[in-house]
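One file, model17.tsv, is given below (TSV, C-alpha atoms).
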```
chain	number	residue	atom	x	y	z
A	1	MET	CA	188.52	-107.49	9.43
A	2	THR	CA	185.37	-106.60	7.51
A	3	SER	CA	182.03	-105.94	9.16
A	4	SER	CA	180.61	-109.22	7.88
A	5	GLU	CA	183.60	-111.15	9.22
A	6	ALA	CA	183.22	-109.46	12.56
A	7	SER	CA	179.58	-110.46	12.81
A	8	THR	CA	180.49	-114.14	12.43
A	9	GLN	CA	183.01	-113.86	15.26
A	10	ARG	CA	180.77	-112.24	17.85
A	11	ILE	CA	181.02	-113.83	21.25
A	12	PRO	CA	177.89	-113.83	23.44
A	13	PRO	CA	178.12	-111.81	26.67
A	14	PHE	CA	179.78	-113.31	29.74
A	15	VAL	CA	180.71	-116.60	28.06
A	16	SER	CA	184.37	-116.47	28.95
A	17	LEU	CA	184.04	-115.20	32.49
A	18	GLY	CA	184.48	-118.63	34.05
A	19	SER	CA	188.13	-119.01	33.15
A	20	ALA	CA	190.59	-118.36	30.36
A	21	ARG	CA	190.03	-121.93	29.11
A	22	ALA	CA	186.61	-120.88	27.80
A	23	MET	CA	188.32	-118.75	25.18
A	24	VAL	CA	189.36	-121.82	23.16
A	25	ALA	CA	185.76	-122.77	22.42
A	26	PRO	CA	184.84	-121.81	18.83
A	27	SER	CA	181.06	-121.57	19.16
A	28	ILE	CA	178.86	-120.89	22.17
A	29	ALA	CA	175.14	-120.34	22.44
A	30	PRO	CA	174.08	-116.91	23.79
A	31	THR	CA	172.90	-116.51	27.38
A	32	ASP	CA	171.02	-113.71	29.10
A	33	SER	CA	171.63	-114.33	32.78
A	34	TRP	CA	174.64	-114.49	35.05
A	35	ASN	CA	172.88	-117.45	36.69
A	36	HIS	CA	173.75	-119.55	33.63
A	37	LEU	CA	177.47	-118.70	33.59
A	38	ASN	CA	178.55	-121.99	35.14
A	39	SER	CA	176.62	-124.22	32.75
A	40	VAL	CA	177.59	-122.15	29.70
A	41	THR	CA	181.24	-122.13	30.69
A	42	ASN	CA	181.19	-125.90	31.20
A	43	ARG	CA	179.55	-126.43	27.80
A	44	SER	CA	182.10	-124.16	26.14
A	45	LYS	CA	184.99	-126.13	27.59
A	46	SER	CA	183.79	-129.39	26.09
A	47	ALA	CA	182.30	-128.23	22.79
A	48	ALA	CA	184.60	-128.98	19.85
A	49	VAL	CA	187.74	-128.78	21.98
A	50	SER	CA	190.23	-131.62	21.65
A	51	ARG	CA	191.61	-133.27	24.77
A	52	GLU	CA	195.09	-132.23	23.73
A	53	THR	CA	194.14	-128.54	23.40
A	54	GLU	CA	192.28	-128.59	26.71
A	55	SER	CA	195.25	-130.21	28.42
A	56	VAL	CA	197.65	-127.57	27.08
A	57	SER	CA	195.28	-124.80	28.11
A	58	GLY	CA	194.93	-126.29	31.58
A	59	ASN	CA	198.69	-126.53	32.00
A	60	ILE	CA	199.12	-122.87	31.02
A	61	MET	CA	196.51	-121.69	33.52
A	62	ASP	CA	197.85	-123.89	36.28
A	63	SER	CA	201.37	-122.57	35.76
A	64	ILE	CA	200.42	-118.88	36.13
A	65	ASP	CA	202.05	-117.32	39.15
A	66	ASP	CA	202.99	-113.82	40.20
A	67	SER	CA	206.60	-114.00	39.04
A	68	SER	CA	206.09	-111.28	36.41
A	69	PRO	CA	203.76	-108.27	36.03
A	70	ILE	CA	201.91	-109.87	33.09
A	71	ALA	CA	201.41	-113.11	35.01
A	72	ARG	CA	200.18	-111.18	38.04
A	73	ASP	CA	197.67	-109.30	35.90
A	74	LEU	CA	196.39	-112.51	34.29
A	75	ALA	CA	195.98	-114.24	37.63
A	76	HIS	CA	194.22	-111.21	39.09
A	77	GLU	CA	191.80	-110.94	36.16
A	78	ASN	CA	191.03	-114.65	36.37
A	79	LYS	CA	190.12	-114.29	40.06
A	80	ARG	CA	187.89	-111.30	39.26
A	81	ARG	CA	186.05	-113.35	36.63
A	82	GLU	CA	185.55	-116.24	39.01
A	83	ARG	CA	183.93	-113.90	41.55
A	84	LEU	CA	181.27	-113.02	38.96
A	85	ILE	CA	180.30	-116.61	38.16
A	86	GLY	CA	176.79	-117.41	39.33
A	87	ARG	CA	176.26	-113.90	40.64
A	88	GLU	CA	172.59	-112.98	40.52
A	89	LEU	CA	171.82	-109.28	40.37
A	90	PRO	CA	168.82	-108.13	42.42
A	91	LYS	CA	165.88	-106.38	40.82
A	92	PRO	CA	165.33	-102.87	42.18
A	93	GLU	CA	162.08	-102.21	44.05
A	94	LYS	CA	161.20	-99.54	41.49
A	95	THR	CA	162.65	-98.31	38.24
A	96	ARG	CA	166.01	-96.61	38.77
A	97	VAL	CA	166.58	-93.69	36.40
A	98	PHE	CA	170.19	-92.61	35.87
A	99	THR	CA	171.45	-89.54	34.05
A	100	VAL	CA	174.98	-90.17	32.81
A	101	SER	CA	176.48	-86.72	32.66
A	102	ASN	CA	179.70	-84.75	32.59
A	103	GLN	CA	180.01	-81.49	30.67
A	104	LYS	CA	183.60	-82.38	29.79
A	105	GLY	CA	183.74	-84.32	26.54
A	106	GLY	CA	185.66	-87.54	25.99
A	107	VAL	CA	185.38	-88.91	29.52
A	108	GLY	CA	183.45	-92.06	28.57
A	109	LYS	CA	179.80	-91.06	29.12
A	110	THR	CA	178.40	-92.93	26.14
A	111	THR	CA	180.73	-95.90	26.58
A	112	THR	CA	179.74	-96.17	30.23
A	113	THR	CA	176.04	-95.85	29.42
A	114	VAL	CA	175.87	-98.58	26.80
A	115	ASN	CA	178.19	-101.06	28.51
A	116	ILE	CA	176.62	-100.87	31.96
A	117	ALA	CA	173.18	-101.07	30.34
A	118	ALA	CA	174.30	-104.12	28.34
A	119	ALA	CA	175.76	-105.81	31.43
A	120	LEU	CA	172.54	-105.32	33.41
A	121	ALA	CA	170.36	-106.47	30.50
A	122	ALA	CA	172.48	-109.60	30.02
A	123	ALA	CA	171.82	-110.37	33.69
A	124	GLY	CA	168.10	-110.55	32.92
A	125	LEU	CA	167.10	-107.02	33.97
A	126	LYS	CA	164.89	-104.80	31.77
A	127	VAL	CA	166.89	-101.78	30.62
A	128	LEU	CA	166.10	-98.70	28.52
A	129	VAL	CA	168.77	-96.38	27.11
A	130	ILE	CA	167.65	-92.89	26.11
A	131	ASP	CA	170.12	-91.15	23.82
A	132	ILE	CA	169.75	-87.36	24.02
A	133	ASP	CA	173.18	-86.57	22.57
A	134	PRO	CA	172.80	-85.17	19.02
A	135	GLN	CA	175.88	-87.17	18.00
A	136	GLY	CA	173.88	-90.37	18.51
A	137	ASN	CA	176.87	-92.45	19.58
A	138	ALA	CA	174.88	-94.54	22.07
A	139	SER	CA	172.44	-95.44	19.30
A	140	THR	CA	175.36	-96.49	17.10
A	141	ALA	CA	176.93	-98.66	19.81
A	142	LEU	CA	173.65	-100.49	20.38
A	143	GLY	CA	173.07	-101.08	16.66
A	144	ILE	CA	169.98	-98.86	16.47
A	145	GLU	CA	169.19	-96.94	13.28
A	146	HIS	CA	169.27	-93.19	13.84
A	147	HIS	CA	169.32	-91.49	10.45
A	148	ALA	CA	167.29	-88.34	9.83
A	149	ASP	CA	164.14	-90.23	8.74
A	150	VAL	CA	163.85	-92.26	11.95
A	151	ASP	CA	161.50	-91.15	14.73
A	152	SER	CA	163.74	-90.29	17.65
A	153	ILE	CA	163.86	-88.71	21.08
A	154	TYR	CA	163.70	-85.36	19.26
A	155	ASP	CA	160.12	-86.14	18.23
A	156	VAL	CA	159.31	-87.09	21.82
A	157	LEU	CA	160.62	-83.81	23.22
A	158	ILE	CA	159.42	-81.41	20.52
A	159	ASN	CA	156.45	-83.07	18.81
A	160	ASP	CA	154.98	-85.03	21.76
A	161	VAL	CA	155.39	-88.38	20.00
A	162	PRO	CA	154.89	-91.21	22.56
A	163	LEU	CA	158.11	-92.83	23.72
A	164	LYS	CA	156.69	-96.27	22.87
A	165	ASP	CA	156.68	-95.29	19.19
A	166	VAL	CA	160.37	-94.44	19.27
A	167	VAL	CA	162.10	-97.20	21.27
A	168	ALA	CA	163.75	-100.05	19.38
A	169	PRO	CA	165.26	-103.32	20.65
A	170	CYS	CA	169.01	-103.84	20.66
A	171	PRO	CA	169.73	-106.60	18.09
A	172	ASP	CA	172.57	-108.18	20.09
A	173	ILE	CA	171.23	-108.19	23.66
A	174	ASP	CA	167.83	-109.25	24.97
A	175	ASN	CA	166.02	-107.06	27.52
A	176	LEU	CA	167.75	-103.92	26.19
A	177	ILE	CA	165.85	-101.24	24.28
A	178	CYS	CA	166.92	-97.79	23.11
A	179	ALA	CA	165.30	-94.48	22.21
A	180	PRO	CA	167.69	-93.21	19.50
A	181	ALA	CA	168.97	-89.71	18.83
A	182	THR	CA	169.13	-88.07	15.40
A	183	ILE	CA	170.86	-84.97	14.08
A	184	HIS	CA	167.60	-83.06	14.61
A	185	LEU	CA	168.48	-82.88	18.30
A	186	ALA	CA	171.18	-80.35	17.43
A	187	GLY	CA	168.46	-77.71	17.09
A	188	ALA	CA	166.30	-78.95	19.95
A	189	GLU	CA	167.94	-76.62	22.47
A	190	ILE	CA	166.58	-73.58	20.62
A	191	GLU	CA	163.16	-75.12	19.96
A	192	LEU	CA	162.70	-76.10	23.62
A	193	VAL	CA	163.07	-72.50	24.79
A	194	SER	CA	159.56	-71.50	23.71
A	195	LEU	CA	157.77	-74.69	24.81
A	196	VAL	CA	155.63	-75.07	27.93
A	197	ALA	CA	157.29	-77.00	30.80
A	198	ARG	CA	160.44	-77.26	28.74
A	199	GLU	CA	162.50	-78.79	31.56
A	200	GLN	CA	159.96	-81.54	32.34
A	201	ARG	CA	159.16	-82.89	28.88
A	202	LEU	CA	161.40	-85.96	29.06
A	203	ARG	CA	160.20	-86.82	32.57
A	204	ARG	CA	156.56	-86.71	31.48
A	205	ALA	CA	157.30	-88.87	28.43
A	206	ILE	CA	158.97	-91.50	30.63
A	207	ASP	CA	156.07	-91.48	33.11
A	208	VAL	CA	153.54	-91.97	30.31
A	209	TYR	CA	155.62	-94.78	28.80
A	210	ALA	CA	155.83	-96.58	32.15
A	211	LYS	CA	152.04	-96.42	32.53
A	212	GLU	CA	151.52	-97.70	28.98
A	213	ARG	CA	153.81	-100.67	29.62
A	214	GLU	CA	151.91	-101.50	32.79
A	215	LYS	CA	148.55	-101.21	31.03
A	216	SER	CA	149.65	-103.49	28.19
A	217	GLY	CA	151.01	-106.11	30.60
A	218	GLU	CA	154.69	-105.58	29.77
A	219	ALA	CA	157.29	-106.05	32.48
A	220	ARG	CA	158.33	-102.98	34.43
A	221	LEU	CA	161.64	-101.42	33.43
A	222	ASP	CA	164.35	-101.98	36.01
A	223	TYR	CA	166.82	-99.37	34.79
A	224	ILE	CA	166.73	-96.31	32.55
A	225	PHE	CA	170.01	-94.69	31.48
A	226	ILE	CA	169.98	-91.26	29.84
A	227	ASP	CA	173.10	-90.47	27.82
A	228	CYS	CA	173.70	-86.71	27.87
A	229	PRO	CA	175.62	-84.42	25.53
A	230	PRO	CA	178.83	-82.81	26.82
A	231	SER	CA	177.09	-79.58	27.80
A	232	LEU	CA	174.77	-78.16	30.44
A	233	GLY	CA	171.97	-76.97	28.14
A	234	LEU	CA	168.24	-77.74	28.11
A	235	LEU	CA	168.74	-81.31	26.91
A	236	THR	CA	170.90	-82.09	29.94
A	237	VAL	CA	168.50	-80.20	32.22
A	238	ASN	CA	165.67	-82.41	30.90
A	239	ALA	CA	167.76	-85.45	31.76
A	240	PHE	CA	168.40	-84.18	35.29
A	241	CYS	CA	164.69	-83.50	35.82
A	242	ALA	CA	163.74	-86.97	34.58
A	243	ALA	CA	166.25	-88.87	36.74
A	244	SER	CA	166.55	-89.70	40.40
A	245	GLU	CA	170.27	-90.53	40.26
A	246	VAL	CA	173.32	-89.10	38.51
A	247	LEU	CA	176.17	-91.30	37.29
A	248	ILE	CA	179.33	-89.29	36.61
A	249	PRO	CA	182.16	-90.88	34.61
A	250	ILE	CA	185.46	-89.20	35.45
A	251	GLN	CA	188.55	-89.54	33.32
A	252	CYS	CA	191.63	-89.97	35.48
A	253	GLU	CA	193.22	-86.68	34.44
A	254	TYR	CA	193.49	-83.24	36.03
A	255	TYR	CA	191.00	-81.44	33.76
A	256	ALA	CA	188.31	-83.89	34.83
A	257	LEU	CA	188.55	-82.60	38.42
A	258	GLU	CA	188.04	-79.01	37.30
A	259	GLY	CA	184.92	-79.95	35.35
A	260	LEU	CA	183.50	-81.94	38.24
A	261	SER	CA	183.18	-78.93	40.54
A	262	GLN	CA	181.20	-77.02	37.91
A	263	LEU	CA	178.95	-80.00	37.27
A	264	LEU	CA	178.16	-80.39	40.97
A	265	LYS	CA	177.18	-76.72	41.21
A	266	ASN	CA	174.71	-77.17	38.36
A	267	ILE	CA	173.28	-80.29	39.96
A	268	GLU	CA	172.75	-78.32	43.18
A	269	MET	CA	170.75	-75.75	41.21
A	270	ILE	CA	168.60	-78.50	39.69
A	271	GLN	CA	168.00	-79.96	43.16
A	272	LYS	CA	166.98	-76.58	44.52
A	273	HIS	CA	164.65	-75.45	41.76
A	274	LEU	CA	163.51	-78.39	39.60
A	275	ASN	CA	164.13	-81.86	41.06
A	276	ALA	CA	164.66	-82.17	44.80
A	277	ASP	CA	164.97	-85.98	44.56
A	278	LEU	CA	168.08	-85.88	42.38
A	279	VAL	CA	171.24	-87.27	43.98
A	280	VAL	CA	174.77	-87.97	42.77
A	281	SER	CA	174.78	-91.66	43.61
A	282	THR	CA	177.59	-93.03	41.46
A	283	ILE	CA	181.00	-91.93	40.22
A	284	LEU	CA	182.99	-94.20	37.90
A	285	LEU	CA	186.68	-93.73	37.19
A	286	THR	CA	187.39	-94.30	33.48
A	287	MET	CA	190.40	-94.43	31.16
A	288	TYR	CA	192.61	-95.40	34.09
A	289	ASP	CA	196.25	-95.95	33.19
A	290	GLY	CA	197.98	-97.74	36.04
A	291	ARG	CA	201.41	-96.93	34.58
A	292	THR	CA	201.12	-93.23	35.44
A	293	ASN	CA	201.30	-91.53	38.82
A	294	LEU	CA	198.80	-88.90	37.67
A	295	ALA	CA	196.01	-91.45	37.22
A	296	ALA	CA	196.63	-92.87	40.67
A	297	GLN	CA	196.67	-89.39	42.21
A	298	VAL	CA	193.42	-88.34	40.52
A	299	ALA	CA	191.73	-91.59	41.56
A	300	ALA	CA	192.90	-91.16	45.16
A	301	GLU	CA	191.70	-87.57	45.30
A	302	VAL	CA	188.26	-88.40	43.91
A	303	ARG	CA	187.89	-91.29	46.35
A	304	GLN	CA	188.90	-89.03	49.23
A	305	HIS	CA	186.26	-86.41	48.41
A	306	PHE	CA	183.49	-88.86	47.40
A	307	PRO	CA	184.09	-92.06	49.38
A	308	ASP	CA	180.48	-93.26	49.20
A	309	GLN	CA	179.85	-92.47	45.54
A	310	VAL	CA	182.97	-93.80	43.81
A	311	LEU	CA	182.66	-97.38	42.60
A	312	GLY	CA	185.36	-99.88	43.45
A	313	ALA	CA	185.52	-100.92	39.80
A	314	VAL	CA	187.85	-98.86	37.61
A	315	VAL	CA	187.67	-98.90	33.81
A	316	PRO	CA	191.14	-99.06	32.23
A	317	ARG	CA	192.20	-97.68	28.88
A	318	SER	CA	191.29	-100.44	26.46
A	319	VAL	CA	191.61	-100.80	22.71
A	320	ARG	CA	188.70	-103.27	22.71
A	321	ILE	CA	186.37	-100.70	24.25
A	322	SER	CA	187.33	-98.24	21.51
A	323	GLU	CA	186.96	-100.79	18.71
A	324	ALA	CA	183.52	-102.10	19.68
A	325	PRO	CA	181.40	-99.15	18.41
A	326	SER	CA	182.90	-99.48	14.91
A	327	TYR	CA	181.08	-102.84	14.72
A	328	GLN	CA	177.92	-101.34	16.25
A	329	GLN	CA	178.41	-103.34	19.42
A	330	THR	CA	179.18	-102.87	23.06
A	331	VAL	CA	182.39	-104.38	24.39
A	332	MET	CA	180.18	-106.94	26.15
A	333	THR	CA	179.38	-108.63	22.85
A	334	TYR	CA	182.47	-107.58	20.92
A	335	ASP	CA	185.01	-109.04	23.35
A	336	PRO	CA	183.55	-110.19	26.68
A	337	SER	CA	186.93	-111.62	27.74
A	338	SER	CA	188.65	-108.22	27.63
A	339	SER	CA	189.69	-106.27	30.69
A	340	GLY	CA	187.31	-103.45	29.73
A	341	ALA	CA	184.29	-105.77	29.60
A	342	LEU	CA	185.27	-107.26	32.96
A	343	SER	CA	185.48	-103.80	34.54
A	344	TYR	CA	182.05	-102.80	33.27
A	345	LEU	CA	180.58	-106.07	34.54
A	346	GLU	CA	181.97	-105.31	37.98
A	347	ALA	CA	180.64	-101.75	37.83
A	348	ALA	CA	177.17	-102.99	36.83
A	349	ALA	CA	177.15	-105.47	39.70
A	350	GLU	CA	178.13	-102.75	42.19
A	351	ILE	CA	175.37	-100.45	40.95
A	352	ALA	CA	172.76	-103.19	41.13
A	353	GLU	CA	173.72	-104.18	44.67
A	354	ARG	CA	173.76	-100.66	46.09
```
Entire entry expressed as structure tokens:
Amino acid sequence: MTSSEASTQRIPPFVSLGSARAMVAPSIAPTDSWNHLNSVTNRSKSAAVSRETESVSGNIMDSIDDSSPIARDLAHENKRRERLIGRELPKPEKTRVFTVSNQKGGVGKTTTTVNIAAALAAAGLKVLVIDIDPQGNASTALGIEHHADVDSIYDVLINDVPLKDVVAPCPDIDNLICAPATIHLAGAEIELVSLVAREQRLRRAIDVYAKEREKSGEARLDYIFIDCPPSLGLLTVNAFCAASEVLIPIQCEYYALEGLSQLLKNIEMIQKHLNADLVVSTILLTMYDGRTNLAAQVAAEVRQHFPDQVLGAVVPRSVRISEAPSYQQTVMTYDPSSSGALSYLEAAAEIAER
């Protein structure tokens, strides 16, 4: 499938959450809010769908039982989707700032950042993603340009460029904006060393941006997600100082547990010396493979040690989640009917209702 073909087959977020029958609809208008799921799903069932096709689809869904593992999984996913229909996510009393961090690479930090941000934005909440990873993967997933000539979060941190001059809207999802990262960030760690208040520069930029939005009459941001590099350098320290909450994605493997203890020690140091308000509020289990005992053991151990922080939602290994960035999309727009999209929707709802 070419990129142009993929763009013609994009499915708006949350369209197919109502039931599996919605997947037979060829064309559906986009929607921003979970409040409209019922009406959108109903429209999708009737639009350009023959009575014969709808009847066959209905018979298939009605015949699903738990007589096989695949049938059980389908029935379970359908019930999970139905629980999300019409679900209205509450607005927080003030802007919630999350740092998404784990010094171990490949645990799903960027994927978690962009997909939870997309899910909240599609529910009508105002969301900002700040990409401070020099790789710029979050910027790619949200379809934001981040080549060397683009003003980026590097210019905000090093050259005091206002954040409002850097943020760009996500082309696929309303209410979602992003401050992109460029390759220049790779040298920012060294340049920050000699600057005044080097640990607080991102926090001050966010505070100024919030005041500018208020002064210009723009709506207050509901959520800010900061995507960190897989390290514990000055960029990550800036993210910790700017945030009030930490979201830790944990891959369901043994090495992830070793890295978690080191990360928590660093967070304790930040709390003691730089940001007393910082708390580890959320832990999300990612890349869960239910076929292995190891994944179940790691999940059980994390839940035992952090019963209040671990979300009930678990993100499985999913090809769709991996494919989405190659089309500069989140899985929410690439394939909202996938199990990965459903898991991130559930995680976003849990975070919003905490």
Using only C-alpha atoms, pick whichever of A:Gln329, A:Glu191, A:Tyr344, A:Asn78 has the shortest atom-to-atom distance to Ile144 (chain A).
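Checking each candidate against Ile144 (chain A), we get A:Gln329 as the closest.
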May I have the residues at most 10 Å from (165.0, -97.5, 36.5) in the file's coordinates, counting only C-alpha atoms, as a compact mmCIF listing (two decimals) with C-alpha atoms, in the frame of the given file?
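Result file follows (out17.txt):
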```
# COMPACT_ATOMS: atom_id res chain seq x y z
CA LYS A 91 165.88 -106.38 40.82
CA PRO A 92 165.33 -102.87 42.18
CA GLU A 93 162.08 -102.21 44.05
CA LYS A 94 161.20 -99.54 41.49
CA THR A 95 162.65 -98.31 38.24
CA ARG A 96 166.01 -96.61 38.77
CA VAL A 97 166.58 -93.69 36.40
CA PHE A 98 170.19 -92.61 35.87
CA LYS A 126 164.89 -104.80 31.77
CA VAL A 127 166.89 -101.78 30.62
CA LEU A 128 166.10 -98.70 28.52
CA ARG A 220 158.33 -102.98 34.43
CA LEU A 221 161.64 -101.42 33.43
CA ASP A 222 164.35 -101.98 36.01
CA TYR A 223 166.82 -99.37 34.79
CA ILE A 224 166.73 -96.31 32.55
CA PHE A 225 170.01 -94.69 31.48
CA ALA A 243 166.25 -88.87 36.74
CA SER A 244 166.55 -89.70 40.40
CA GLU A 245 170.27 -90.53 40.26
```
Within 12 Å of Leu263 (chain A), counting all atoms listed in the file, which residues qualify if same-chain residues fewer than 5 places away don't, as a list of chain:residue names?
A:Val100, A:Ser101, A:Asn102, A:Gln103, A:Lys104, A:Pro230, A:Ser231, A:Leu232, A:Gly233, A:Thr236, A:Val237, A:Phe240, A:Val246, A:Leu247, A:Ile248, A:Pro249, A:Ile250, A:Ala256, A:Leu257, A:Glu258, A:Glu268, A:Met269, A:Ile270, A:Val280
I'd like to know which of A:Ser322, A:Asn275, A:Asn293, A:Thr330 is closest to Ala242 (chain A), using all atoms listed in the file.
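Nearest candidate to Ala242 (chain A) out of A:Ser322, A:Asn275, A:Asn293, A:Thr330: A:Asn275.
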Pick the closest to Thr140 (chain A) from A:Val167, A:Leu89, A:Leu260, A:Ala181: which is it, counting only C-alpha atoms?
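Nearest to Thr140 (chain A): A:Ala181.
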What separation in Å, quoted to one decimal, exists between CA of Ala179 (chain A) and CA of Ser139 (chain A)?
7.8 Å
Distance criterion (all atoms listed in the file): nearest to Asp308 (chain A) out of A:Ala122, A:Ile283, A:Ala324, A:Ala347:
A:Ile283
Centre and edge lengths of an axis-aligned box around all listed atoms of region 211-224 of chain A, with 4 Å added on each side, are to be given in Å to one decimal, as JSON.
```
{"center_x": 157.7, "center_y": -101.2, "center_z": 32.1, "size_x": 26.3, "size_y": 17.8, "size_z": 15.8}
```
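Of the residues under consideration (A:Ser338, A:Gln262, A:Thr112, A:Ser194), A:Ser194 shows the shortest atom-to-atom contact distance to Ile158 (chain A) when counting all atoms listed in the file.
What separates CA of His146 (chain A) from CA of Pro171 (chain A) is a distance of 14.1 Å.
Comparing A:Val319, A:Leu311, A:Leu274, A:Val129 by their smallest distance to Ala349 (chain A), the closest is A:Leu311 (using all atoms listed in the file).
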